[in-house]
file entry.csv (CSV, C-alpha atoms)
chain,number,residue,atom,x,y,z
U,69,MET,CA,92.4,74.1,116.8
U,70,LYS,CA,94.7,76.7,118.4
U,71,LYS,CA,98.2,76.6,117.1
U,72,PRO,CA,100.9,75.9,119.7
U,73,LYS,CA,103.1,78.9,120.5
U,74,THR,CA,106.6,78.6,119.2
U,75,ILE,CA,109.7,80.3,120.8
U,76,ALA,CA,110.1,84.0,120.8
U,77,LYS,CA,107.1,85.5,119.0
U,78,ILE,CA,106.9,89.2,120.0
U,79,MET,CA,104.4,92.0,119.2
U,80,ILE,CA,105.6,95.6,119.7
U,81,SER,CA,103.3,98.5,120.1
U,82,GLY,CA,104.3,102.2,119.9
U,83,TYR,CA,104.2,105.4,117.9
U,84,TYR,CA,105.6,103.7,114.8
U,85,GLY,CA,105.1,104.6,111.1
U,86,PHE,CA,104.6,108.3,111.7
U,87,ASN,CA,108.0,109.4,110.4
U,88,ASN,CA,109.0,110.5,113.9
U,89,THR,CA,112.8,110.0,114.2
U,90,GLY,CA,112.7,109.5,118.0
U,91,ASP,CA,110.3,106.7,117.9
U,92,GLU,CA,111.9,105.1,114.9
U,93,ALA,CA,115.2,105.2,116.7
U,94,ILE,CA,113.7,103.3,119.6
U,95,LEU,CA,112.3,100.6,117.2
U,96,THR,CA,115.6,100.4,115.3
U,97,SER,CA,117.5,99.6,118.5
U,98,MET,CA,114.9,97.2,119.7
U,99,VAL,CA,114.6,95.1,116.5
U,100,ARG,CA,118.3,94.9,116.1
U,101,ALA,CA,119.0,93.8,119.7
U,102,PHE,CA,116.2,91.2,119.6
U,103,LYS,CA,117.4,89.7,116.3
U,104,GLU,CA,121.1,89.6,117.3
U,105,LYS,CA,120.3,87.9,120.6
U,106,ILE,CA,117.6,85.5,119.2
U,107,PRO,CA,118.2,85.1,115.4
U,108,GLN,CA,115.0,83.0,115.0
U,109,ILE,CA,112.8,85.5,116.7
U,110,LYS,CA,109.6,86.6,115.0
U,111,ILE,CA,108.6,90.2,115.5
U,112,ALA,CA,105.3,91.9,114.6
U,113,VAL,CA,105.1,95.7,114.9
U,114,LEU,CA,101.9,97.8,115.0
U,115,SER,CA,102.4,100.7,112.6
U,116,GLN,CA,100.6,103.6,111.0
U,117,ASN,CA,102.5,102.6,107.8
U,118,PRO,CA,102.8,98.8,107.8
U,119,LEU,CA,104.5,98.6,104.4
U,120,GLN,CA,107.2,101.1,105.3
U,121,THR,CA,107.8,99.5,108.7
U,122,SER,CA,108.0,96.0,107.2
U,123,GLN,CA,110.4,97.0,104.5
U,124,THR,CA,112.6,99.1,106.8
U,125,TYR,CA,113.0,96.6,109.7
U,126,GLN,CA,112.3,93.3,107.9
U,127,VAL,CA,109.5,92.4,110.3
U,128,LYS,CA,105.8,91.6,110.1
U,129,ALA,CA,103.9,94.8,110.4
U,130,LEU,CA,100.2,95.3,111.2
U,131,ASN,CA,98.0,98.3,110.8
U,132,ARG,CA,97.8,99.7,114.3
U,133,LEU,CA,94.0,100.3,114.0
U,134,HIS,CA,93.0,96.9,112.6
U,135,LEU,CA,92.0,95.5,116.0
U,136,ILE,CA,90.8,92.1,114.7
U,137,SER,CA,94.1,91.4,112.9
U,138,ILE,CA,95.9,92.5,116.1
U,139,LEU,CA,93.9,90.2,118.3
U,140,ASN,CA,94.4,87.2,115.9
U,141,CYS,CA,98.1,87.8,115.9
U,142,LEU,CA,98.2,88.2,119.7
U,143,ARG,CA,96.8,84.7,120.1
U,144,ASP,CA,100.0,83.3,118.6
U,145,THR,CA,102.4,85.6,120.5
U,146,ASN,CA,104.7,84.9,123.4
U,147,LEU,CA,105.2,88.5,124.6
U,148,PHE,CA,103.5,91.9,124.0
U,149,ILE,CA,105.8,94.9,124.4
U,150,SER,CA,104.4,98.3,124.9
U,151,GLY,CA,107.0,100.9,124.2
U,152,GLY,CA,109.1,102.8,124.3
U,153,GLY,CA,108.7,106.5,124.2
U,154,GLY,CA,106.0,108.6,125.9
U,155,LEU,CA,102.9,106.5,125.2
U,156,LEU,CA,101.0,106.7,128.5
U,157,GLN,CA,100.2,110.4,128.7
U,158,ASP,CA,97.2,112.5,128.0
U,159,SER,CA,98.8,115.9,127.2
U,160,THR,CA,99.0,115.2,123.4
U,161,GLY,CA,96.9,113.5,120.8
U,162,LYS,CA,93.8,115.1,122.3
U,163,GLY,CA,94.3,112.9,125.3
U,164,TRP,CA,92.9,109.8,123.6
U,165,SER,CA,96.0,107.9,122.6
U,166,ILE,CA,96.5,106.8,126.2
U,167,LEU,CA,93.2,104.8,125.9
U,168,TYR,CA,94.5,103.1,122.8
U,169,TYR,CA,97.7,102.0,124.3
U,170,LEU,CA,96.1,100.9,127.6
U,171,GLY,CA,93.4,99.0,125.5
U,172,LEU,CA,96.1,97.1,123.7
U,173,ILE,CA,97.8,96.1,127.0
U,174,LEU,CA,94.4,95.0,128.4
U,175,GLY,CA,93.7,93.0,125.2
U,176,ALA,CA,96.9,91.2,125.5
U,177,LYS,CA,96.2,90.2,129.0
U,178,ILE,CA,92.7,89.1,128.2
U,179,VAL,CA,94.1,86.5,125.7
U,180,LYS,CA,96.7,85.6,128.3
U,181,VAL,CA,99.8,87.0,126.7
U,182,PRO,CA,102.5,88.4,129.0
U,183,VAL,CA,103.1,92.1,128.8
U,184,ILE,CA,106.2,94.2,129.3
U,185,ILE,CA,106.1,98.0,129.5
U,186,TYR,CA,109.4,98.9,127.8
U,187,ALA,CA,111.5,101.9,128.5
U,188,GLN,CA,108.7,104.4,128.6
U,189,GLY,CA,108.5,107.9,129.9
U,190,ILE,CA,105.2,108.0,131.8
U,191,GLY,CA,103.0,111.1,132.0
U,192,PRO,CA,101.8,113.7,132.3
U,193,VAL,CA,98.5,112.1,133.2
U,194,ASN,CA,95.8,114.7,134.1
U,195,ARG,CA,92.4,113.0,133.8
U,196,LYS,CA,91.2,111.0,136.8
U,197,ILE,CA,89.8,108.2,134.6
U,198,ASN,CA,93.2,107.7,133.0
U,199,LYS,CA,94.9,107.6,136.4
U,200,LYS,CA,92.5,104.9,137.5
U,201,LEU,CA,92.9,102.9,134.3
U,202,ILE,CA,96.7,103.0,134.6
U,203,LYS,CA,96.5,101.7,138.1
U,204,TRP,CA,94.0,98.9,137.2
U,205,ILE,CA,95.7,97.8,133.9
U,206,LEU,CA,99.4,98.2,134.8
U,207,ASN,CA,99.0,96.2,138.0
U,208,LYS,CA,98.2,93.3,135.6
U,209,VAL,CA,101.3,93.5,133.5
U,210,ASP,CA,104.4,91.3,134.1
U,211,LEU,CA,107.3,93.8,134.0
U,212,ILE,CA,107.8,97.5,133.7
U,213,THR,CA,110.9,99.5,132.7
U,214,VAL,CA,110.9,103.3,132.5
U,215,ARG,CA,113.5,105.7,131.2
U,216,ASP,CA,113.6,108.1,134.2
U,217,ASN,CA,113.0,108.3,137.9
U,218,PRO,CA,110.0,110.6,137.7
U,219,SER,CA,108.2,108.0,135.6
U,220,LYS,CA,108.6,105.4,138.3
U,221,GLU,CA,107.5,107.8,141.0
U,222,LEU,CA,104.4,108.7,139.0
U,223,LEU,CA,103.4,105.1,138.6
U,224,GLU,CA,104.0,104.4,142.3
U,225,ASN,CA,101.9,107.5,143.2
U,226,LEU,CA,99.1,106.2,140.9
U,227,GLY,CA,99.1,102.9,142.8
U,228,VAL,CA,101.0,100.6,140.4
U,229,THR,CA,102.6,98.2,142.9
U,230,LYS,CA,102.4,94.6,141.6
U,231,PRO,CA,105.0,94.3,138.7
U,232,SER,CA,108.6,95.2,139.3
U,233,ILE,CA,109.5,98.7,138.0
U,234,TYR,CA,113.1,99.2,136.7
U,235,VAL,CA,114.6,102.6,135.9
U,236,ASN,CA,116.9,102.3,132.8
U,237,SER,CA,117.2,104.6,129.8
U,238,ASP,CA,115.9,105.4,126.3
U,239,PRO,CA,116.7,102.6,123.9
U,240,SER,CA,118.1,105.1,121.4
U,241,PHE,CA,121.4,105.0,123.3
U,242,LEU,CA,122.0,101.7,121.5
U,243,LEU,CA,122.0,103.2,118.1
U,244,ARG,CA,125.2,102.9,116.0
U,245,ARG,CA,126.6,105.8,114.0
U,246,LYS,CA,127.0,105.4,110.3
U,247,ASN,CA,130.0,106.4,108.3
U,248,THR,CA,129.5,110.0,107.3
U,249,ILE,CA,131.2,109.3,103.9
U,250,ASP,CA,128.6,106.6,103.2
U,251,ILE,CA,125.8,109.1,104.0
U,252,ILE,CA,127.3,111.7,101.6
U,253,ASP,CA,127.6,109.0,98.9
U,254,LYS,CA,123.9,108.2,99.4
U,255,TYR,CA,122.8,111.9,99.6
U,256,PRO,CA,125.5,114.0,97.8
U,257,TYR,CA,124.0,117.4,98.7
U,258,ILE,CA,124.5,116.7,102.4
U,259,ARG,CA,128.2,117.4,101.8
U,260,GLU,CA,127.3,121.1,101.3
U,261,LEU,CA,125.3,121.1,104.5
U,262,ILE,CA,128.1,119.6,106.7
U,263,TYR,CA,131.2,121.3,105.4
U,264,SER,CA,131.4,125.0,106.0
U,265,ASN,CA,135.0,126.3,105.6
U,266,ASN,CA,135.7,125.8,109.4
U,267,SER,CA,132.7,127.9,110.4
U,268,PRO,CA,130.7,126.4,113.3
U,269,VAL,CA,127.7,124.4,112.1
U,270,ILE,CA,124.7,124.8,114.5
U,271,GLY,CA,121.6,122.6,114.4
U,272,ILE,CA,118.1,123.8,115.3
U,273,SER,CA,115.3,121.3,115.9
U,274,VAL,CA,111.8,122.9,116.2
U,275,ARG,CA,108.3,121.6,116.4
U,276,LYS,CA,104.8,123.0,116.6
U,277,TYR,CA,103.8,124.1,120.0
U,278,ARG,CA,100.5,125.9,120.5
U,279,GLU,CA,100.6,126.4,124.3
U,280,SER,CA,103.3,129.1,124.2
U,281,ARG,CA,102.1,132.6,124.2
U,282,LYS,CA,105.2,133.8,122.4
U,283,ASP,CA,105.9,133.7,118.7
U,284,LEU,CA,108.6,131.1,118.8
U,285,ARG,CA,109.2,131.3,115.1
U,286,GLY,CA,110.2,134.9,115.3
U,287,ILE,CA,112.5,134.2,118.2
U,288,PHE,CA,114.2,131.3,116.5
U,289,ALA,CA,114.7,133.4,113.3
U,290,LYS,CA,116.4,136.1,115.4
U,291,LEU,CA,118.5,133.5,117.1
U,292,ALA,CA,119.7,132.0,113.8
U,293,ASP,CA,120.5,135.5,112.4
U,294,ASP,CA,122.4,136.4,115.6
U,295,LEU,CA,124.5,133.2,115.4
U,296,ILE,CA,125.3,133.9,111.7
U,297,GLU,CA,126.2,137.5,112.3
U,298,ASN,CA,128.2,137.1,115.6
U,299,TYR,CA,129.8,133.7,115.2
U,300,LYS,CA,129.9,133.3,111.4
U,301,ALA,CA,127.9,130.1,111.9
U,302,LYS,CA,126.1,128.0,109.4
U,303,ILE,CA,122.5,127.0,110.5
U,304,ILE,CA,120.9,123.7,109.7
U,305,PHE,CA,117.3,123.1,110.7
U,306,LEU,CA,117.0,119.4,111.5
U,307,PRO,CA,113.4,117.9,111.3
U,308,PHE,CA,112.8,115.1,113.7
U,309,LYS,CA,109.3,114.5,112.4
U,310,PHE,CA,108.5,114.8,108.7
U,311,ASP,CA,106.7,116.7,107.3
U,312,GLU,CA,105.6,118.7,110.3
U,313,ASP,CA,109.0,119.9,111.4
U,314,VAL,CA,110.0,120.7,107.8
U,315,TYR,CA,107.1,123.0,107.4
U,316,ILE,CA,107.7,125.1,110.6
U,317,SER,CA,111.5,125.1,109.8
U,318,GLU,CA,110.8,126.7,106.5
U,319,GLU,CA,108.5,129.2,108.1
U,320,ILE,CA,111.4,130.3,110.4
U,321,LEU,CA,113.8,130.4,107.5
U,322,SER,CA,111.4,132.7,105.6
U,323,LEU,CA,111.6,135.2,108.6
U,324,MET,CA,115.4,135.3,108.6
U,325,LYS,CA,117.6,138.1,107.2
U,326,ASN,CA,120.6,135.8,106.5
U,327,LYS,CA,118.7,133.0,104.6
U,328,ASN,CA,121.7,132.2,102.4
U,329,GLN,CA,123.6,130.9,105.5
U,330,ALA,CA,120.8,128.6,106.6
U,331,ASN,CA,119.2,125.4,105.3
U,332,VAL,CA,116.5,122.9,106.1
U,333,LEU,CA,117.4,119.2,105.9
U,334,LYS,CA,114.6,118.0,103.6
U,335,THR,CA,115.7,114.4,103.3
U,336,ARG,CA,114.3,112.0,105.9
U,337,LEU,CA,117.4,110.3,107.2
U,338,GLU,CA,117.2,107.0,109.1
U,339,PRO,CA,117.9,107.5,112.8
U,340,GLU,CA,121.5,106.3,112.7
U,341,GLU,CA,122.2,108.5,109.7
U,342,LEU,CA,120.7,111.5,111.5
U,343,LEU,CA,122.8,110.7,114.5
U,344,SER,CA,125.9,110.6,112.4
U,345,PHE,CA,125.0,113.9,110.7
U,346,LEU,CA,124.3,115.6,114.0
U,347,SER,CA,127.7,114.5,115.4
U,348,ARG,CA,129.3,117.0,113.0
U,349,LEU,CA,127.6,120.0,114.7
U,350,SER,CA,129.1,122.4,117.2
U,351,LEU,CA,125.9,123.1,119.0
U,352,MET,CA,122.3,121.9,119.0
U,353,VAL,CA,119.2,124.0,119.9
U,354,GLY,CA,116.5,121.4,120.4
U,355,MET,CA,112.8,121.4,120.8
U,356,ARG,CA,112.5,117.6,120.3
U,357,LEU,CA,113.6,115.2,123.1
U,358,HIS,CA,115.6,113.0,120.7
U,359,SER,CA,117.5,116.0,119.3
U,360,ILE,CA,118.8,116.4,122.9
U,361,ILE,CA,119.3,112.6,123.3
U,362,PHE,CA,121.3,112.4,120.0
U,363,SER,CA,123.4,115.4,121.1
U,364,THR,CA,124.2,113.7,124.3
U,365,MET,CA,125.3,110.5,122.4
U,366,ALA,CA,127.5,112.6,120.2
U,367,ASP,CA,129.0,114.8,123.0
U,368,ILE,CA,127.5,117.9,121.4
U,369,PRO,CA,126.5,120.8,123.8
U,370,PHE,CA,122.9,121.8,123.5
U,371,ILE,CA,120.2,124.2,124.6
U,372,ALA,CA,117.1,122.2,125.4
U,373,LEU,CA,113.6,123.9,125.2
U,374,ASN,CA,111.5,122.6,128.0
U,375,TYR,CA,108.2,121.9,126.1
U,376,ASP,CA,107.4,118.7,128.0
U,377,PRO,CA,108.4,117.3,131.4
U,378,LYS,CA,110.3,114.5,129.7
U,379,VAL,CA,112.8,117.1,128.4
U,380,LYS,CA,113.4,118.5,131.9
U,381,ASN,CA,113.6,115.0,133.4
U,382,PHE,CA,116.3,114.0,130.9
U,383,VAL,CA,118.4,117.2,131.1
U,384,GLU,CA,118.3,117.1,134.9
U,385,SER,CA,119.4,113.4,134.9
U,386,LEU,CA,122.5,114.6,133.0
U,387,ASP,CA,123.2,117.2,135.8
U,388,LEU,CA,123.1,119.9,133.1
U,389,SER,CA,120.1,122.0,134.2
U,390,ASP,CA,122.0,125.1,133.1
U,391,LEU,CA,121.4,124.0,129.5
U,392,LEU,CA,117.6,124.0,129.9
U,393,LEU,CA,115.5,126.9,128.8
U,394,GLU,CA,111.8,127.3,129.8
U,395,LEU,CA,109.4,128.2,127.0
U,396,ASP,CA,108.1,131.2,128.9
U,397,ASP,CA,111.7,132.4,129.2
U,398,THR,CA,112.4,132.0,125.5
U,399,SER,CA,114.0,135.2,124.1
U,400,LEU,CA,117.1,136.2,122.1
U,401,LYS,CA,118.6,137.6,125.3
U,402,ASN,CA,118.2,134.3,127.2
U,403,PHE,CA,119.5,132.3,124.3
U,404,LYS,CA,122.6,134.5,124.1
U,405,GLU,CA,123.2,133.9,127.8
U,406,LYS,CA,123.0,130.2,127.4
U,407,ILE,CA,125.4,130.3,124.4
U,408,LYS,CA,127.8,132.3,126.5
U,409,TYR,CA,127.6,129.8,129.3
U,410,ILE,CA,128.2,126.9,126.9
U,411,ARG,CA,131.2,128.7,125.3
U,412,GLU,CA,132.8,129.2,128.7
U,413,ASN,CA,132.2,125.6,129.8
U,414,ASP,CA,132.5,123.7,126.6
U,415,ASP,CA,135.1,121.2,127.7
U,416,LYS,CA,133.3,120.6,131.0
U,417,ILE,CA,130.0,120.0,129.3
U,418,LYS,CA,131.5,117.6,126.7
U,419,LYS,CA,133.1,115.5,129.5
U,420,ILE,CA,129.8,115.3,131.4
U,421,LEU,CA,128.0,114.2,128.2
U,422,SER,CA,130.5,111.6,127.4
U,423,LYS,CA,130.4,110.1,130.9
U,424,LYS,CA,126.6,110.2,131.1
U,425,ALA,CA,126.1,108.7,127.6
U,426,LYS,CA,128.1,105.6,128.6
U,427,ILE,CA,126.0,105.1,131.7
U,428,LEU,CA,122.8,105.6,129.8
U,429,GLU,CA,124.0,103.1,127.1
U,430,GLU,CA,124.6,100.5,129.8
U,431,ARG,CA,121.1,101.1,131.2
U,432,ALA,CA,119.6,100.7,127.7
U,433,PHE,CA,121.3,97.3,127.5
U,434,SER,CA,119.6,96.5,130.8
U,435,ASN,CA,116.2,96.9,129.2
U,436,ASN,CA,116.9,94.2,126.8
U,437,ASP,CA,118.6,91.9,129.3
U,438,LEU,CA,115.4,91.9,131.3
U,439,ILE,CA,113.4,90.9,128.3
U,440,PHE,CA,115.8,88.1,127.4
U,441,LYS,CA,115.6,86.8,130.9
U,442,PHE,CA,111.8,86.9,130.8
U,443,LEU,CA,111.7,85.0,127.5
U,444,LYS,CA,114.1,82.4,128.8
U,445,ALA,CA,112.1,81.9,131.9

call {"tool": "encode", "arguments": {"input": "entry.csv", "output": "structure tokens"}}
result
Amino acid sequence: MKKPKTIAKIMISGYYGFNNTGDEAILTSMVRAFKEKIPQIKIAVLSQNPLQTSQTYQVKALNRLHLISILNCLRDTNLFISGGGGLLQDSTGKGWSILYYLGLILGAKIVKVPVIIYAQGIGPVNRKINKKLIKWILNKVDLITVRDNPSKELLENLGVTKPSIYVNSDPSFLLRRKNTIDIIDKYPYIRELIYSNNSPVIGISVRKYRESRKDLRGIFAKLADDLIENYKAKIIFLPFKFDEDVYISEEILSLMKNKNQANVLKTRLEPEELLSFLSRLSLMVGMRLHSIIFSTMADIPFIALNYDPKVKNFVESLDLSDLLLELDDTSLKNFKEKIKYIRENDDKIKKILSKKAKILEERAFSNNDLIFKFLKA
């Protein structure tokens, strides 16, 4: 006999358990918000590393590839949440991940579980079959929230018309900074990274990117050396995905002349710890979306590398397109021009970031309000 569904049992699907700070930041904010609003809520998360996810968030965690276990859990679930992040796209993961996420959504609907698409950045979607599947499956879901206007426009262009689509923001804007002293007590060597005798501390977040024709590693090494030589800066490479970003950061460090003034953060900080660490910087050069999002939250000027449309969408939403650098235009000369612009407009940029961060935080709350209203109904 099928068990009766009790109040507030939620399953969350996303790119969790892969040591990607951006996605873990999203999950952190979601789980906390849900538990604070509905203390008795039961949450199941699909994860690549169920043990780690379960211990970190105090939730039930299922192996994201054990489909039988997922379906069994779905039958006793009140709501399936797909998100957030950039799940519905076919430009990474060999283009197959979109089928996985759409398959989970369809599976939930087959067993008659309501589905919410939560704070996602949609696209790019290149394959015709994927465009057709998105139209077919997402027209069956109950509610959609996205983190930018281009995502809504893409869904509408693909023919998604039945559920309401709300434009809010990335859930990471609900993160809370940790006390820096507590972080230093937990990781004593971080004191040496943060404090630098009044020299500017500049963060660089890099990632693998095979589509660029340029040797980005060499350009980043030259940039770091130039910042050290001309601004007496201290450079910290901040990995947002372990161990992938650590590896490429160390490659760049090996190409530098001034290695003694640069370090790679090799400790995997929790999202709110990394946000607190980043708030001590003077500038961020970011090739990860959430390095730019975290900079915005901390009012830290940045140079954003446009490796994906989601980066351009976000920076343009801040009205700070002058801080965006196209990958094809990546060069030491163009980096220096961006740095000059930031130095000349530092106060203006910080005021814009502060204002926009507050707006985006309010929109992130709206994502959760919609879920709570849905559950109540």

call {"tool": "atom_distance", "arguments": {"input": "entry.csv", "atom1": "CA of Lys309 in chain U", "atom2": "CA of Ile184 in chain U"}}
result
26.6 Å

call {"tool": "atom_distance", "arguments": {"input": "entry.csv", "atom1": "CA of Met365 in chain U", "atom2": "CA of Ser422 in chain U"}}
result
7.3 Å

call {"tool": "atom_distance", "arguments": {"input": "entry.csv", "atom1": "CA of Ala76 in chain U", "atom2": "CA of Ala101 in chain U"}}
result
13.3 Å

call {"tool": "closest_residue", "arguments": {"input": "entry.csv", "among": "U:Met98, U:Leu323, U:Ile78, U:Leu306", "to": "Asp293 in chain U", "atoms": "only C-alpha atoms"}}
result
U:Leu323

call {"tool": "closest_residue", "arguments": {"input": "entry.csv", "among": "U:Leu343, U:Ile439, U:Leu243, U:Met352", "to": "Lys406 in chain U", "atoms": "only C-alpha atoms"}}
result
U:Met352

call {"tool": "residues_around", "arguments": {"input": "entry.csv", "residues": "Ala176 in chain U", "least_positions_apart": "2", "cutoff": "10 Å", "atoms": "only C-alpha atoms", "output": "list of chain:residue names"}}
result
U:Met79, U:Ile138, U:Leu139, U:Leu142, U:Arg143, U:Thr145, U:Leu147, U:Phe148, U:Ile149, U:Leu170, U:Gly171, U:Leu172, U:Ile173, U:Leu174, U:Ile178, U:Val179, U:Lys180, U:Val181, U:Pro182, U:Val183, U:Val209

call {"tool": "residues_around", "arguments": {"input": "entry.csv", "residues": "Ser267 in chain U", "least_positions_apart": "2", "cutoff": "7 Å", "atoms": "all atoms listed in the file", "output": "mmCIF file with C-alpha atoms, in the coordinates of the input"}}
result
data_model
loop_
_atom_site.group_PDB
_atom_site.id
_atom_site.type_symbol
_atom_site.label_atom_id
_atom_site.label_comp_id
_atom_site.auth_asym_id
_atom_site.auth_seq_id
_atom_site.Cartn_x
_atom_site.Cartn_y
_atom_site.Cartn_z
ATOM 1 C CA SER U 264 131.400 125.000 106.000
ATOM 2 C CA ASN U 265 135.000 126.300 105.600
ATOM 3 C CA VAL U 269 127.700 124.400 112.100
ATOM 4 C CA LYS U 300 129.900 133.300 111.400
ATOM 5 C CA ALA U 301 127.900 130.100 111.900
ATOM 6 C CA LYS U 302 126.100 128.000 109.400
#

call {"tool": "closest_residue", "arguments": {"input": "entry.csv", "among": "U:Arg244, U:Arg215, U:Lys416, U:Lys254", "to": "Thr335 in chain U", "atoms": "all atoms listed in the file"}}
result
U:Lys254

call {"tool": "build_atoms", "arguments": {"input": "entry.csv", "residues": "range 296-308 of chain U", "atoms": "N, CA and C atoms", "output": "mmCIF file, in the frame of the given file"}}
result
data_model
loop_
_atom_site.group_PDB
_atom_site.id
_atom_site.type_symbol
_atom_site.label_atom_id
_atom_site.label_comp_id
_atom_site.auth_asym_id
_atom_site.auth_seq_id
_atom_site.Cartn_x
_atom_site.Cartn_y
_atom_site.Cartn_z
ATOM 1 N N ILE U 296 124.630 133.642 113.018
ATOM 2 C CA ILE U 296 125.300 133.900 111.700
ATOM 3 C C ILE U 296 126.156 135.136 111.784
ATOM 4 N N GLU U 297 125.576 136.196 112.326
ATOM 5 C CA GLU U 297 126.200 137.500 112.300
ATOM 6 C C GLU U 297 127.387 137.592 113.324
ATOM 7 N N ASN U 298 127.223 136.972 114.503
ATOM 8 C CA ASN U 298 128.200 137.100 115.600
ATOM 9 C C ASN U 298 129.218 135.980 115.650
ATOM 10 N N TYR U 299 128.857 134.813 115.123
ATOM 11 C CA TYR U 299 129.800 133.700 115.200
ATOM 12 C C TYR U 299 130.115 133.082 113.853
ATOM 13 N N LYS U 300 129.668 133.759 112.780
ATOM 14 C CA LYS U 300 129.900 133.300 111.400
ATOM 15 C C LYS U 300 129.470 131.831 111.243
ATOM 16 N N ALA U 301 128.384 131.496 111.895
ATOM 17 C CA ALA U 301 127.900 130.100 111.900
ATOM 18 C C ALA U 301 127.076 129.793 110.675
ATOM 19 N N LYS U 302 126.976 128.515 110.417
ATOM 20 C CA LYS U 302 126.100 128.000 109.400
ATOM 21 C C LYS U 302 124.945 127.279 110.145
ATOM 22 N N ILE U 303 123.705 127.552 109.777
ATOM 23 C CA ILE U 303 122.500 127.000 110.500
ATOM 24 C C ILE U 303 121.887 125.916 109.655
ATOM 25 N N ILE U 304 121.606 124.800 110.313
ATOM 26 C CA ILE U 304 120.900 123.700 109.700
ATOM 27 C C ILE U 304 119.667 123.361 110.538
ATOM 28 N N PHE U 305 118.479 123.480 109.993
ATOM 29 C CA PHE U 305 117.300 123.100 110.700
ATOM 30 C C PHE U 305 117.090 121.555 110.476
ATOM 31 N N LEU U 306 117.017 120.829 111.579
ATOM 32 C CA LEU U 306 117.000 119.400 111.500
ATOM 33 C C LEU U 306 115.572 118.877 111.922
ATOM 34 N N PRO U 307 114.752 118.469 110.982
ATOM 35 C CA PRO U 307 113.400 117.900 111.300
ATOM 36 C C PRO U 307 113.540 116.554 111.948
ATOM 37 N N PHE U 308 112.876 116.360 113.064
ATOM 38 C CA PHE U 308 112.800 115.100 113.700
ATOM 39 C C PHE U 308 111.479 114.373 113.446
#
